[in-house]
>>> print(open('final.cif').read())   # mmCIF, C-alpha atoms
data_run
#
loop_
_atom_site.label_atom_id
_atom_site.label_comp_id
_atom_site.auth_asym_id
_atom_site.auth_seq_id
_atom_site.Cartn_x
_atom_site.Cartn_y
_atom_site.Cartn_z
CA MET A 1421 140.02 105.47 120.07
CA THR A 1422 141.94 108.47 118.74
CA LEU A 1423 140.32 111.16 116.59
CA ARG A 1424 142.35 109.94 113.58
CA SER A 1425 141.05 106.39 114.09
CA LYS A 1426 137.47 107.66 114.32
CA VAL A 1427 137.83 109.59 111.06
CA LEU A 1428 139.31 106.55 109.29
CA LEU A 1429 136.50 104.30 110.56
CA CYS A 1430 133.86 106.78 109.39
CA ALA A 1431 135.53 106.92 105.96
CA ALA A 1432 135.46 103.12 105.81
CA VAL A 1433 131.73 103.10 106.52
CA VAL A 1434 131.10 105.57 103.70
CA ALA A 1435 133.38 103.65 101.34
CA SER A 1436 131.49 100.44 102.02
CA ALA A 1437 128.19 101.99 100.91
CA PRO A 1438 128.56 101.06 97.19
CA ALA A 1439 129.10 97.39 98.09
CA TRP A 1440 125.90 97.36 100.16
CA ALA A 1441 124.04 99.30 97.49
CA GLN A 1442 124.50 96.45 94.99
CA SER A 1443 121.71 94.57 96.76
CA GLY A 1444 120.15 97.26 98.92
CA SER A 1445 120.32 100.96 99.63
CA VAL A 1446 122.21 103.33 101.91
CA THR A 1447 120.98 106.80 102.79
CA VAL A 1448 123.20 109.54 104.19
CA TYR A 1449 121.17 112.05 106.20
CA GLY A 1450 121.53 114.63 108.90
CA VAL A 1451 120.59 117.88 110.60
CA LEU A 1452 122.75 120.92 111.29
CA ASP A 1453 121.18 123.25 113.83
CA GLU A 1454 122.88 126.13 115.62
CA ALA A 1455 121.59 129.00 117.75
CA LEU A 1456 122.93 132.19 119.27
CA GLU A 1457 121.63 132.24 122.84
CA TYR A 1458 121.42 134.81 125.62
CA ASN A 1459 120.73 133.70 129.19
CA SER A 1460 119.70 136.01 132.01
CA GLY A 1461 119.30 135.15 135.68
CA LEU A 1462 122.68 133.45 136.13
CA ASN A 1463 123.29 132.70 139.81
CA GLY A 1464 120.31 134.83 140.70
CA ASN A 1465 116.95 135.83 139.26
CA TYR A 1466 116.49 137.01 135.69
CA ARG A 1467 114.37 139.95 136.85
CA GLU A 1468 117.22 141.37 138.93
CA GLN A 1469 119.10 143.94 136.89
CA ALA A 1470 122.38 143.34 138.74
CA ASN A 1471 122.67 139.78 137.47
CA PRO A 1472 124.97 139.31 134.50
CA GLY A 1473 123.84 137.69 131.26
CA GLN A 1474 125.65 135.10 129.19
CA TRP A 1475 126.02 134.87 125.41
CA ARG A 1476 126.87 131.55 123.78
CA LEU A 1477 126.51 129.44 120.66
CA GLY A 1478 125.06 125.97 120.93
CA LEU A 1479 122.22 123.54 120.44
CA GLY A 1480 118.99 125.13 119.26
CA SER A 1481 115.69 123.56 118.25
CA VAL A 1482 116.92 120.14 117.03
CA PRO A 1483 120.06 118.16 117.99
CA SER A 1484 122.53 118.09 115.09
CA ARG A 1485 123.49 114.72 113.65
CA LEU A 1486 125.05 112.80 110.76
CA GLY A 1487 123.66 109.38 109.94
CA PHE A 1488 123.87 106.38 107.63
CA ARG A 1489 120.79 104.23 107.16
CA GLY A 1490 120.81 100.99 105.16
CA GLU A 1491 118.24 98.47 104.00
CA GLU A 1492 118.35 95.25 101.98
CA ASP A 1493 115.43 93.18 100.71
CA LEU A 1494 116.04 89.56 101.73
CA GLY A 1495 112.92 88.21 100.02
CA GLY A 1496 109.89 86.59 101.57
CA GLY A 1497 108.88 89.88 103.16
CA TYR A 1498 112.08 90.18 105.23
CA ARG A 1499 114.60 93.03 105.26
CA ALA A 1500 118.01 93.64 106.82
CA LEU A 1501 118.42 97.09 108.38
CA PHE A 1502 121.11 99.18 110.03
CA THR A 1503 121.53 102.70 111.37
CA LEU A 1504 124.72 104.51 112.37
CA GLU A 1505 124.08 108.03 113.69
CA SER A 1506 126.53 110.50 115.20
CA GLY A 1507 125.57 113.39 117.42
CA LEU A 1508 127.38 116.60 116.49
CA ASN A 1509 128.13 119.80 118.39
CA VAL A 1510 128.17 122.30 115.53
CA ASP A 1511 129.68 125.08 117.66
CA THR A 1512 132.85 123.05 118.36
CA GLY A 1513 132.82 120.27 115.76
CA MET A 1514 133.00 117.71 118.55
CA LEU A 1515 131.02 114.49 118.77
CA GLY A 1516 128.08 114.36 121.18
CA GLN A 1517 126.80 111.72 123.61
CA GLY A 1518 130.03 111.47 125.58
CA GLY A 1519 132.32 111.58 122.54
CA ARG A 1520 130.96 108.41 120.92
CA MET A 1521 131.46 108.13 117.19
CA PHE A 1522 127.89 106.89 116.70
CA GLY A 1523 126.42 108.03 119.98
CA ARG A 1524 122.85 108.62 118.86
CA GLN A 1525 122.25 105.22 117.26
CA SER A 1526 124.34 102.21 116.28
CA TRP A 1527 122.35 99.08 115.52
CA VAL A 1528 121.63 96.29 113.04
CA GLY A 1529 118.41 94.32 112.71
CA LEU A 1530 115.90 92.25 110.77
CA ALA A 1531 112.37 93.33 109.88
CA GLY A 1532 109.35 91.39 108.68
CA GLU A 1533 105.59 91.14 108.85
CA TYR A 1534 105.60 90.79 112.63
CA GLY A 1535 107.95 93.67 113.43
CA THR A 1536 111.62 94.55 113.77
CA VAL A 1537 114.26 92.98 116.00
CA SER A 1538 117.47 94.97 116.42
CA ALA A 1539 120.66 94.93 118.47
CA GLY A 1540 123.09 97.69 119.47
CA ARG A 1541 122.89 101.20 120.89
CA GLN A 1542 119.28 102.28 120.47
CA TYR A 1543 116.51 104.55 121.66
CA THR A 1544 114.64 103.11 124.62
CA MET A 1545 110.88 102.58 124.47
CA ARG A 1546 110.43 105.71 126.59
CA TYR A 1547 111.69 107.75 123.63
CA TYR A 1548 109.05 106.25 121.34
CA GLY A 1549 106.48 106.62 124.11
CA MET A 1550 106.94 110.42 124.24
CA LEU A 1551 107.75 111.19 120.61
CA ASP A 1552 104.25 112.05 119.35
CA ALA A 1553 103.15 114.20 122.29
CA ASP A 1554 106.45 116.04 122.82
CA PHE A 1555 106.92 117.71 119.44
CA PHE A 1556 108.62 120.82 120.88
CA GLY A 1557 111.55 118.45 120.65
CA SER A 1558 114.79 117.55 122.36
CA GLY A 1559 116.54 120.84 121.66
CA SER A 1560 118.06 122.94 124.42
CA LEU A 1561 114.78 124.64 125.45
CA GLY A 1562 112.55 121.57 125.60
CA LEU A 1563 111.40 119.28 128.40
CA GLY A 1564 115.01 118.25 128.97
CA THR A 1565 115.42 121.38 131.08
CA LEU A 1566 113.10 119.76 133.66
CA ASP A 1567 114.32 116.16 133.26
CA SER A 1568 117.75 115.63 131.68
CA GLY A 1569 116.91 112.01 130.95
CA ILE A 1570 114.28 112.95 128.35
CA PRO A 1571 116.72 113.82 125.52
CA ASN A 1572 119.04 110.96 126.55
CA ALA A 1573 116.68 107.99 126.25
CA ARG A 1574 119.20 105.55 124.74
CA ALA A 1575 120.86 102.34 125.85
CA ASP A 1576 124.00 100.46 124.79
CA ASN A 1577 124.10 96.68 124.41
CA ALA A 1578 120.36 96.57 123.80
CA LEU A 1579 118.03 94.04 122.19
CA SER A 1580 114.82 95.65 120.93
CA TYR A 1581 111.55 94.66 119.33
CA ARG A 1582 108.95 96.97 117.78
CA GLY A 1583 105.89 96.03 115.80
CA THR A 1584 102.83 97.75 114.33
CA PHE A 1585 99.54 95.91 113.85
CA GLY A 1586 96.89 98.15 112.38
CA ALA A 1587 96.30 101.04 114.75
CA PHE A 1588 98.33 99.43 117.55
CA SER A 1589 102.09 99.53 118.09
CA VAL A 1590 104.10 97.74 120.77
CA GLY A 1591 107.74 97.67 121.78
CA ALA A 1592 110.12 96.08 124.27
CA GLN A 1593 113.82 96.46 125.01
CA TYR A 1594 116.44 94.93 127.29
CA SER A 1595 119.98 96.24 127.75
CA PHE A 1596 122.82 94.20 129.25
CA GLY A 1597 124.83 97.37 129.92
CA ARG A 1598 123.09 100.68 129.32
CA ASP A 1599 125.95 103.20 129.02
CA ALA A 1600 129.61 102.38 128.47
CA ALA A 1601 130.79 106.01 128.09
CA SER A 1602 132.80 107.10 131.13
CA GLY A 1603 131.68 110.72 131.45
CA ASN A 1604 129.79 112.19 134.37
CA ASN A 1605 126.63 113.55 132.76
CA PRO A 1606 123.23 112.33 131.53
CA ALA A 1607 124.66 111.38 128.10
CA ALA A 1608 127.65 109.45 129.50
CA THR A 1609 126.85 107.80 132.81
CA ASN A 1610 129.68 105.25 133.18
CA CYS A 1611 127.49 102.17 133.51
CA PRO A 1612 128.83 99.57 131.03
CA GLY A 1613 127.29 96.51 132.68
CA GLU A 1614 127.60 93.04 131.10
CA SER A 1615 129.00 91.83 134.41
CA THR A 1616 128.26 88.71 136.45
CA ASP A 1617 125.73 90.73 138.45
CA ALA A 1618 122.33 90.03 136.93
CA THR A 1619 121.09 93.61 137.41
CA GLN A 1620 124.16 95.86 137.23
CA CYS A 1621 123.64 98.64 134.67
CA ARG A 1622 120.69 96.84 133.07
CA GLU A 1623 117.81 98.70 131.41
CA TRP A 1624 114.44 97.52 130.25
CA SER A 1625 111.49 99.34 128.78
CA LEU A 1626 108.04 98.71 127.29
CA MET A 1627 105.76 100.75 125.05
CA GLY A 1628 102.18 100.53 123.82
CA LYS A 1629 100.46 102.90 121.41
CA TYR A 1630 97.10 103.41 119.75
CA ASP A 1631 97.03 105.71 116.72
CA GLY A 1632 93.52 106.57 115.58
CA GLY A 1633 94.68 108.61 112.60
CA ASN A 1634 94.27 112.16 113.82
CA TRP A 1635 94.65 111.31 117.50
CA GLY A 1636 96.50 108.80 119.64
CA LEU A 1637 97.30 107.50 123.13
CA VAL A 1638 100.71 106.20 124.21
CA SER A 1639 102.22 104.75 127.37
CA ALA A 1640 105.76 103.64 128.14
CA TYR A 1641 107.70 102.40 131.15
CA GLU A 1642 111.47 102.34 131.64
CA ARG A 1643 113.69 101.14 134.48
CA LEU A 1644 117.43 101.86 134.81
CA TYR A 1645 119.61 99.90 137.23
CA GLY A 1646 122.66 101.32 138.97
CA GLY A 1647 126.26 100.30 138.60
CA THR A 1648 129.32 101.19 140.67
CA ALA A 1649 130.60 104.08 142.76
CA GLY A 1650 131.58 105.85 139.52
CA THR A 1651 128.11 105.74 137.94
CA TYR A 1652 126.42 109.09 137.32
CA GLY A 1653 123.24 110.28 139.00
CA GLY A 1654 123.60 108.62 142.40
CA LEU A 1655 122.88 105.12 141.01
CA THR A 1656 126.03 103.78 142.63
CA SER A 1657 124.76 100.24 143.22
CA PRO A 1658 122.80 97.66 141.18
CA SER A 1659 120.22 97.69 143.97
CA LEU A 1660 119.29 101.30 143.10
CA THR A 1661 116.90 102.03 140.23
CA ASP A 1662 115.55 104.99 138.31
CA SER A 1663 112.08 104.35 136.88
CA ARG A 1664 109.85 106.46 134.63
CA LEU A 1665 106.25 105.88 133.55
CA THR A 1666 104.63 108.14 130.96
CA VAL A 1667 101.07 108.37 129.66
CA ASN A 1668 100.31 110.92 126.98
CA GLY A 1669 98.10 111.73 124.02
CA TYR A 1670 98.06 113.86 120.91
CA LEU A 1671 95.56 115.42 118.53
CA LYS A 1672 96.30 116.37 114.91
CA MET A 1673 94.32 119.13 113.20
CA THR A 1674 94.38 120.74 109.77
CA ASN A 1675 96.75 123.55 110.75
CA GLY A 1676 98.30 122.23 113.92
CA ARG A 1677 98.51 119.68 116.69
CA VAL A 1678 98.25 119.41 120.48
CA GLY A 1679 100.10 117.13 122.90
CA LEU A 1680 99.34 116.45 126.56
CA GLY A 1681 101.36 114.20 128.84
CA TRP A 1682 102.39 113.02 132.29
CA LEU A 1683 105.65 111.46 133.43
CA GLY A 1684 106.02 109.94 136.87
CA ARG A 1685 109.53 109.20 138.12
CA ASP A 1686 110.92 107.23 141.06
CA ASN A 1687 114.67 107.88 141.24
CA GLU A 1688 116.36 106.02 144.09
CA GLY A 1689 119.62 107.77 143.17
CA SER A 1690 118.11 110.90 144.75
CA PRO A 1691 117.04 109.60 148.18
CA ALA A 1692 115.90 112.97 149.55
CA THR A 1693 113.34 113.52 146.77
CA PRO A 1694 113.00 110.30 144.77
CA LYS A 1695 109.46 110.71 143.43
CA SER A 1696 108.25 113.40 141.08
CA ASN A 1697 105.47 114.12 138.61
CA MET A 1698 105.81 116.12 135.42
CA PHE A 1699 102.92 117.39 133.30
CA TRP A 1700 103.17 119.12 129.96
CA LEU A 1701 100.93 120.72 127.36
CA GLU A 1702 102.25 121.51 123.88
CA GLY A 1703 100.74 123.14 120.84
CA GLU A 1704 101.81 123.82 117.28
CA LEU A 1705 100.09 126.08 114.76
CA THR A 1706 100.89 126.76 111.12
CA VAL A 1707 99.96 130.46 110.93
CA TRP A 1708 100.56 130.45 107.18
CA ALA A 1709 102.51 128.02 105.00
CA PRO A 1710 106.11 128.98 105.95
CA PHE A 1711 105.44 130.32 109.48
CA VAL A 1712 104.95 127.90 112.40
CA LEU A 1713 104.50 128.61 116.12
CA THR A 1714 105.30 125.91 118.71
CA GLY A 1715 104.84 126.27 122.47
CA VAL A 1716 105.09 124.27 125.67
CA VAL A 1717 103.96 124.72 129.28
CA ALA A 1718 105.32 122.15 131.73
CA GLN A 1719 105.83 121.63 135.43
CA VAL A 1720 107.75 119.10 137.51
CA LYS A 1721 106.97 118.72 141.23
CA PHE A 1722 108.66 116.48 143.78
CA ASP A 1723 106.57 114.59 146.32
CA ASN A 1724 106.63 115.73 149.96
CA SER A 1725 108.87 118.66 149.07
CA PRO A 1726 108.58 122.33 148.08
CA ASP A 1727 110.86 121.57 145.11
CA LYS A 1728 109.17 122.28 141.80
CA ALA A 1729 109.87 124.04 138.52
CA THR A 1730 107.61 125.50 135.83
CA GLU A 1731 108.70 126.02 132.22
CA VAL A 1732 107.08 128.16 129.52
CA ALA A 1733 108.68 128.19 126.05
CA LEU A 1734 107.71 129.48 122.61
CA ARG A 1735 109.41 129.04 119.24
CA ALA A 1736 108.62 130.70 115.89
CA ASN A 1737 109.97 128.97 112.76
CA TYR A 1738 110.06 130.53 109.30
CA TRP A 1739 110.72 127.87 106.66
CA LEU A 1740 112.85 129.23 103.83
CA SER A 1741 112.48 125.88 102.05
CA LYS A 1742 111.43 122.32 102.86
CA ARG A 1743 114.86 121.73 104.42
CA THR A 1744 115.95 125.07 105.89
CA THR A 1745 114.35 127.12 108.64
CA VAL A 1746 115.29 130.14 110.73
CA TYR A 1747 113.76 130.59 114.16
CA VAL A 1748 113.54 132.64 117.32
CA ALA A 1749 112.73 131.00 120.67
CA ASP A 1750 112.40 131.98 124.30
CA ALA A 1751 112.15 129.84 127.44
CA TYR A 1752 111.46 130.82 131.04
CA VAL A 1753 111.94 128.51 134.02
CA ASP A 1754 110.72 129.42 137.52
CA ASN A 1755 112.13 127.28 140.34
CA GLY A 1756 110.68 126.62 143.78
CA GLY A 1757 112.20 125.16 146.90
CA LYS A 1758 115.83 124.11 146.43
CA LEU A 1759 115.61 123.48 142.69
CA ALA A 1760 117.92 125.44 140.38
CA LEU A 1761 117.01 124.11 136.95
CA PRO A 1762 118.27 126.18 133.98
CA ALA A 1763 116.19 127.59 131.12
CA SER A 1764 118.54 125.98 128.59
CA THR A 1765 120.58 122.78 128.54
CA ASN A 1766 123.36 124.34 126.47
CA SER A 1767 126.92 124.06 127.77
CA PRO A 1768 128.60 125.79 129.48
CA GLY A 1769 125.46 126.58 131.40
CA THR A 1770 125.16 128.61 134.57
CA PRO A 1771 121.97 127.87 136.53
CA PRO A 1772 120.07 130.36 138.68
CA LEU A 1773 120.25 130.28 142.44
CA PRO A 1774 117.97 127.72 144.17
CA GLY A 1775 114.37 128.81 144.03
CA LYS A 1776 115.06 131.52 141.44
CA SER A 1777 114.14 131.95 137.77
CA GLN A 1778 116.03 132.08 134.50
CA ASN A 1779 115.30 133.09 130.90
CA ALA A 1780 116.93 131.97 127.64
CA PHE A 1781 116.47 133.63 124.24
CA GLN A 1782 117.66 132.11 120.95
CA VAL A 1783 118.03 133.02 117.29
CA GLY A 1784 118.98 130.06 115.11
CA VAL A 1785 119.06 128.28 111.79
CA SER A 1786 118.47 124.61 110.99
CA HIS A 1787 119.16 122.68 107.80
CA VAL A 1788 118.04 119.09 107.10
CA PHE A 1789 119.77 116.97 104.48
#
>>> encode(input="final.cif", output="structure tokens")
Amino acid sequence: MTLRSKVLLCAAVVASAPAWAQSGSVTVYGVLDEALEYNSGLNGNYREQANPGQWRLGLGSVPSRLGFRGEEDLGGGYRALFTLESGLNVDTGMLGQGGRMFGRQSWVGLAGEYGTVSAGRQYTMRYYGMLDADFFGSGSLGLGTLDSGIPNARADNALSYRGTFGAFSVGAQYSFGRDAASGNNPAATNCPGESTDATQCREWSLMGKYDGGNWGLVSAYERLYGGTAGTYGGLTSPSLTDSRLTVNGYLKMTNGRVGLGWLGRDNEGSPATPKSNMFWLEGELTVWAPFVLTGVVAQVKFDNSPDKATEVALRANYWLSKRTTVYVADAYVDNGGKLALPASTNSPGTPPLPGKSQNAFQVGVSHVF
């Protein structure tokens, strides 16, 4: 689809909103977030003075997006729902998630007393399973530096169910083809599926949650199946899988919250080091009404290997209003073994040398509408 065609389609969606609004409602929403970032430790160690630094503009604390959300009351306690949400790269004006027009979400569904059933491109249950305990977020300095799949927990061609019953919530999803975008990165893995092979490019995930009001426990499991020789991440056959299990909890207090979690991964697309464990601890404190501090300490370690990486990140937000905040943030990643994970997921990124460290510093602004 050409850029002109994408713009015309988006205009048609907006133009159709009044027709829907006659019997329901449509909300236009979004986030624009941009940060000036400086990275040190490129192709070396950030402590070494000889190593050059890198300035760039890019993703900051929250991924930017533009969305359309609709709802219609069907009577009898039932509602029709839809969401169309585009990921935006504010620094270039380009679409995110492999250039998809609605790469973050694109689904339609029905909701009632017993939950919501939806179909389309959607978050997997692993996303909902980590949401409450990973409030540092999916920006460029979050847990995605240690596991690139964390901010990319979505699947195309997916049927989903989620329901809440008192303090308990459950969810299940099955995708017939998890990623049709033909890029070569975590957001576009070239695994369209929907073939005669019963497992090729499939995805399924489950989630269970208990929310006790000011505290909660959540667990989720997700399995991705491989595709063809052109599929990203080494999953070049339907017989290869990438599985993640997470168990985490959170505690809400008057002036802050705490999250603690574990994620175990078995990635057959990386045969040398398939199994890993990641632990994280996050905290958020409202120092006074407009000033909020958020921090994370996390480590990923691969089984039977010296490969590991530790991340420490801190962000200070000053809220100018309920919708606009300015912030400063810093993240440090220390690699061990042959790992060379960066301190920021912003592109174009230059990682440190294997076993070395890197630091990323940001100053940014975010506006919600």
>>> resolve_selection(input="final.cif", expression="the PyMOL selection byres ((chain A and resi 1744-1759) around 7)", output="PyMOL selection string")
chain A and resi 1561+1726-1743+1760-1763+1774-1788
>>> closest_residue(input="final.cif", among="A:Val1678, A:Ala1531, A:Val1446, A:Leu1477", to="Gly1490 in chain A", atoms="all atoms listed in the file")
A:Val1446
>>> residues_around(input="final.cif", residues="Gly1518 in chain A", least_positions_apart="5", cutoff="10 Å", atoms="all atoms listed in the file", output="list in words")
Gly1507, Gly1523, Asp1599, Ala1600, Ala1601, Ser1602, Gly1603, Asn1604, Asn1605, Pro1606, Ala1607, Ala1608, Thr1609 and Asn1610 of chain A
>>> write_last_selection(input="final.cif", atoms="C-alpha atoms", output="short mmCIF file (atom, residue, chain, number, x, y, z; two decimals), in the frame of the given file")
data_model
loop_
_atom_site.label_atom_id
_atom_site.label_comp_id
_atom_site.auth_asym_id
_atom_site.auth_seq_id
_atom_site.Cartn_x
_atom_site.Cartn_y
_atom_site.Cartn_z
CA GLY A 1507 125.57 113.39 117.42
CA GLY A 1523 126.42 108.03 119.98
CA ASP A 1599 125.95 103.20 129.02
CA ALA A 1600 129.61 102.38 128.47
CA ALA A 1601 130.79 106.01 128.09
CA SER A 1602 132.80 107.10 131.13
CA GLY A 1603 131.68 110.72 131.45
CA ASN A 1604 129.79 112.19 134.37
CA ASN A 1605 126.63 113.55 132.76
CA PRO A 1606 123.23 112.33 131.53
CA ALA A 1607 124.66 111.38 128.10
CA ALA A 1608 127.65 109.45 129.50
CA THR A 1609 126.85 107.80 132.81
CA ASN A 1610 129.68 105.25 133.18
#
>>> closest_residue(input="final.cif", among="A:Gly1689, A:Pro1472, A:Gly1583, A:Gly1480", to="Leu1456 in chain A", atoms="all atoms listed in the file")
A:Gly1480
>>> atom_distance(input="final.cif", atom1="CA of Lys1629 in chain A", atom2="CA of Thr1666 in chain A")
11.7 Å
